[in-house]
Every structure is written in structure tokens, then in C-alpha cells.
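Undergrad: Handing you a structure now.
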Amino acid sequence: MTNFNESVFINSLHKAYLDRVSIYHVPDGELTRFSWTENKTVTIYAVKVFDANPGYKFYTLYFAIKNNDKNNKLIQIDLIEETKDPDFFRIDDGMARYKLSWLNSHNLLNETIDSKIIGSSVTFSYERIEKEGSFLFDNWAQSWVDSEYDATKSVEEKSTPVQPFPKTNQRFFVDRYHFDDMLTTLNDSQFTDEFNQCLFAYEHEKWFLCATGLGSCLEHLMLIILTNYDNNGYRNEKNERLFKGFSKNPTAQDYVRCFKKDPINITSRQATFINLLFMARNSVDHHNTGKTQKNLCDLLLDGISDMYNDYYASSVLFKPNRS
């Protein structure tokens, strides 16, 4: 394709998106309500489909999916021939989401794409992609951002209604890339599965499930750290391991108690913070889907990140003093 630069297209759209976000003056701590802020990345799809209107041969359906990679991407698909079907082109042109639903139902899009679509990002344009300009970017960004803002505003005020389409109209967006390095470094399949289930619950606003799971992940991460010290040969002055006297069914307090010992030696203030995280886990009410419960889950996510950043590396690099 001539005279078309994918990077320019993506960067122009992203700038328009962030400019639209900025007019809402949302605090940094609440940017999780938007799908393309902070370090989050997306893959933009541009799908050409048949148009039966006189004077046109096709138009382009646009949408975004969540992306766990470091960079934003653009993928172009030509489905003009596949959509020369009355059941498709007789759907009103303004109902882009239903057009997309038709493509999914006819297996014209990868099934994994369907599960990641950001519903508020779906739009369409009659202009050729290489000629798209600020009109597309500004209008697309406006509808995308405004929809996400309205959805998160309503969920803070009342329980979340069931959305008939699209299936994945998530209200909040976890910065998964922020945790990818942690999961890769830990290289623990059980922890990764547990943590990803918590992120799934988060994105579907199941705050009770998310908080309960994150509390378990926090304990699991603390166990991994303690195990690393034991595996690396840690012994105290009495030649005892960190797990000395550890309960078969340890509680949060058992983990905190071990973290107070050599060689970790957390301070009383650090212990208070860890205890606060477990208190947050226990305080989430599964009957409430409001802003407070989300913020408690955010606190637990931050706590797990802090636990990893502050204590994990030392447990891996620990070398016993043989003198």
C-alpha cells in the first residue's frame, strides 16, 4: 500500500484518544477506566467489508483489542468478497457492532479476537485507510473515550447491568503489561494461572472474587520468596530454616511473622502495610460492585507489585555467609 505509514496512523489515533481523555481531568489513580492509557497497548483492526450502496465498493470496520505486547499494532483484513451476503449488507450501516457480530458468527474473525474486543472502540468509515485524517481520529476517539467514561461513571453509582453486545464490554482495564515481567520472572505456572484468573475477575467487575484471589496470590508470592531463601541455603544462628515451626495451614500472620525474621527483617511499618492488604482482602463485600470495592482491588494489585519489587529479587540473589 502506497503513501501509508502504520506508525503514523496508530500514533495519530492514540494522540486523539489521549487528548479526549485529558478533557475529563480524571486523576491518575482512576485511569484504569480507560483502555488505552498509561502503559496499556492495543491492536487496531481495520476490516474491509462489502458495501451495496451505489457508488461504493466497501467500507472499513475498525475496532481495538487488548494487547499484552509492548507496542501498539495495526492489522488490516480484506473481507469484501466474504461479506457479499444479503444477511450482512442489509444490516444498517450504522450498526457496526452488529456487523462485527455477524463476522464473528461466521468465523471470519479469529475466535480469540472476539474475546478481547473493546466494545467501545467499534466504529466504521467509508474513507480509504491511507486517506484517513483527523476527522476519523477525533470522532473515533470521542465516541471511544466517552463510552468508557460513561460506563465507568454509571458503575460507580449502581450495580452493573448485563450488556447484550458486545460480550466483552469491560468497564475497567488492567495494565497487564505491568505484570508480564513479574509473571515471566517468577516462572511459576500455578501462580500465573491464579493471578490471571484474578485479572479476569477484575475486568468483569467481580470485585469479591478478585479481592479474595489476590489475597491468595499475595500469600503465594510470600511463600515463593520464603522458599527461595530456604532453597538458597538460608539458616539462622540456630541453624534453622525460615520455615522452622511453619504451620501446615499457614495464615497471613504466619507469613508476616516469617518476614519479620532474618534475613528479610521487615519493619513494623512494612508489616502494618502487609496486614492492611489482607484486611482489604477481607473487607470487600460481594454484594457491592461500586467504586470503593474496585479501589480495594487496586490496592491489592499495587501490594503484590510492591511485594515482588521489594522482596523477590533479594530472595533469588541471596547467598549464605559461609564464614
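In the C-alpha cells, chains take letters A, B, ... by order of appearance, with residues numbered from 1 within each chain and ligands from 1 in the order shown.
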For stretch 187-193 of chain A, please output as a list in words all residues within 12 Å (counting only C-alpha atoms; exclusion window: fewer than 4 positions along the same chain).

TA: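 Result of the neighbour search: Phe179, Asp180, Asp181, Met182, Leu183, Gln197, Cys198, Leu199, Phe200, Gly213, Leu214, Ser216, Cys217, Leu218, Glu219, His220, Leu221, Met222, Leu223, Ile224 and Ile304 of chain A.
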
Undergrad: Let me make sure I understand: among A:Leu103, A:Leu109, A:Leu226, A:Ala141, which one has the smallest atom-to-atom distance to A:Ser12 if we use only C-alpha atoms?

TA: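 Of all the options, A:Ala141 lies closest to A:Ser12.
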
Undergrad: Using DSSP assignments from the backbone, pull out every residue in stretch 45-232 of chain A that falls under alpha helix (DSSP H) and give it to me as a ChimeraX atom specification.

TA: /A:86-89,96-105,111-114,134-157,176-186,189-203,207-231

Undergrad: Just to be explicit: take each residue in the selection above, keep C-alpha atoms, and write the result as a compact mmCIF listing (two decimals), in the first residue's frame.

TA:
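Below you can see again.txt, which holds the result:
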```txt
# COMPACT_ATOMS: atom_id res chain seq x y z
CA PRO A 86 -27.55 -10.03 1.98
CA ASP A 87 -27.69 -11.08 5.62
CA PHE A 88 -24.62 -8.93 6.13
CA PHE A 89 -25.04 -5.89 3.89
CA ALA A 96 -21.20 -1.54 13.23
CA ARG A 97 -21.34 -3.72 16.32
CA TYR A 98 -23.95 -6.00 14.76
CA LYS A 99 -21.88 -6.20 11.58
CA LEU A 100 -18.96 -7.30 13.72
CA SER A 101 -21.17 -9.84 15.48
CA TRP A 102 -22.10 -11.28 12.07
CA LEU A 103 -18.42 -11.67 11.16
CA ASN A 104 -17.77 -13.46 14.43
CA SER A 105 -20.74 -15.80 13.96
CA GLU A 111 -12.20 -16.63 17.98
CA THR A 112 -9.55 -15.26 20.33
CA ILE A 113 -10.12 -11.79 18.87
CA ASP A 114 -13.79 -11.93 19.81
CA SER A 134 -8.06 13.93 11.83
CA PHE A 135 -11.82 13.64 11.21
CA LEU A 136 -11.70 9.86 11.75
CA PHE A 137 -9.25 10.05 14.64
CA ASP A 138 -11.05 12.80 16.54
CA ASN A 139 -14.53 11.35 16.09
CA TRP A 140 -13.42 7.81 16.81
CA ALA A 141 -11.55 8.90 19.93
CA GLN A 142 -14.55 10.91 21.10
CA SER A 143 -17.01 8.00 20.89
CA TRP A 144 -14.47 5.53 22.31
CA VAL A 145 -13.42 7.61 25.32
CA ASP A 146 -16.88 8.99 26.06
CA SER A 147 -18.36 5.50 26.12
CA GLU A 148 -15.73 4.28 28.55
CA TYR A 149 -16.18 7.30 30.79
CA ASP A 150 -19.97 6.95 30.86
CA ALA A 151 -19.76 3.22 31.56
CA THR A 152 -17.38 3.62 34.49
CA LYS A 153 -19.33 6.57 35.85
CA SER A 154 -22.53 4.54 35.95
CA VAL A 155 -20.88 1.52 37.54
CA GLU A 156 -19.67 3.70 40.40
CA GLU A 157 -23.24 4.77 41.08
CA ARG A 176 -1.39 -6.33 32.08
CA TYR A 177 1.98 -5.39 30.62
CA HIS A 178 2.88 -4.00 34.04
CA PHE A 179 2.68 -7.55 35.43
CA ASP A 180 4.01 -9.54 32.47
CA ASP A 181 7.64 -9.20 33.53
CA MET A 182 6.74 -10.31 37.05
CA LEU A 183 4.97 -13.46 35.82
CA THR A 184 7.78 -14.25 33.38
CA THR A 185 10.44 -13.87 36.05
CA LEU A 186 8.55 -15.89 38.65
CA SER A 189 2.61 -21.83 36.30
CA GLN A 190 0.32 -22.13 39.31
CA PHE A 191 0.89 -18.53 40.40
CA THR A 192 0.45 -17.30 36.81
CA ASP A 193 -2.86 -19.14 36.47
CA GLU A 194 -4.10 -17.83 39.83
CA PHE A 195 -3.07 -14.27 39.05
CA ASN A 196 -4.60 -14.28 35.55
CA GLN A 197 -7.89 -15.51 36.99
CA CYS A 198 -7.82 -12.52 39.34
CA LEU A 199 -7.27 -10.16 36.40
CA PHE A 200 -10.18 -11.82 34.60
CA ALA A 201 -12.40 -11.21 37.63
CA TYR A 202 -11.17 -7.60 37.80
CA GLU A 203 -12.04 -6.87 34.18
CA TRP A 207 -14.61 -7.46 42.99
CA PHE A 208 -15.29 -10.05 45.69
CA LEU A 209 -13.75 -12.84 43.61
CA CYS A 210 -10.88 -10.62 42.54
CA ALA A 211 -10.01 -9.48 46.06
CA THR A 212 -10.23 -12.98 47.50
CA GLY A 213 -8.00 -14.34 44.76
CA LEU A 214 -5.47 -11.50 45.06
CA GLY A 215 -5.18 -12.17 48.78
CA SER A 216 -4.29 -15.77 47.97
CA CYS A 217 -1.82 -14.58 45.32
CA LEU A 218 -0.17 -12.33 47.89
CA GLU A 219 0.26 -15.27 50.27
CA HIS A 220 1.53 -17.42 47.40
CA LEU A 221 4.11 -14.79 46.42
CA MET A 222 5.29 -14.53 50.02
CA LEU A 223 5.62 -18.33 50.09
CA ILE A 224 7.70 -18.23 46.88
CA ILE A 225 10.01 -15.65 48.46
CA LEU A 226 10.44 -17.68 51.65
CA THR A 227 11.04 -20.85 49.64
CA ASN A 228 13.75 -19.11 47.63
CA TYR A 229 15.64 -18.25 50.80
CA ASP A 230 15.40 -21.82 52.03
CA ASN A 231 16.46 -23.25 48.67
```

Undergrad: Show me, as a ChimeraX atom specification, the residues that have an atom within 12 Å of A:Asn5 when counting only C-alpha atoms, minus same-chain residues fewer than 4 positions from it.

TA: /A:1,9-12,73-74,129-132

Undergrad: Create the file for the chosen residues now, containing C-alpha atoms and written as a PDB file, in the first residue's frame.

TA:
```
ATOM      1  CA  MET A   1       0.000   0.000   0.000  1.00  0.00           C
ATOM      2  CA  PHE A   9      -1.870   6.039  11.791  1.00  0.00           C
ATOM      3  CA  ILE A  10      -1.571   4.440  15.246  1.00  0.00           C
ATOM      4  CA  ASN A  11       0.197   7.417  16.807  1.00  0.00           C
ATOM      5  CA  SER A  12      -2.359   9.869  15.401  1.00  0.00           C
ATOM      6  CA  LYS A  73      -0.231  -2.705  16.335  1.00  0.00           C
ATOM      7  CA  LEU A  74      -2.406  -2.299  13.251  1.00  0.00           C
ATOM      8  CA  ILE A 129      -7.400   3.912   5.326  1.00  0.00           C
ATOM      9  CA  GLU A 130      -4.457   5.636   3.612  1.00  0.00           C
ATOM     10  CA  LYS A 131      -6.543   8.817   3.331  1.00  0.00           C
ATOM     11  CA  GLU A 132      -7.920   8.813   6.867  1.00  0.00           C
TER      12      GLU A 132
END
```

Undergrad: Rank nothing, just name the residue among A:Thr60, A:Thr123, A:Ser283, A:Thr37 nearest to A:Leu300, using only C-alpha atoms.

TA: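 Smallest separation from A:Leu300 among the options: A:Ser283.
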
Undergrad: Which of these, A:Thr83, A:Gln293, A:Ser121, A:Ser315, has the shortest distance to A:Val49 once you count only C-alpha atoms?

TA: A:Thr83
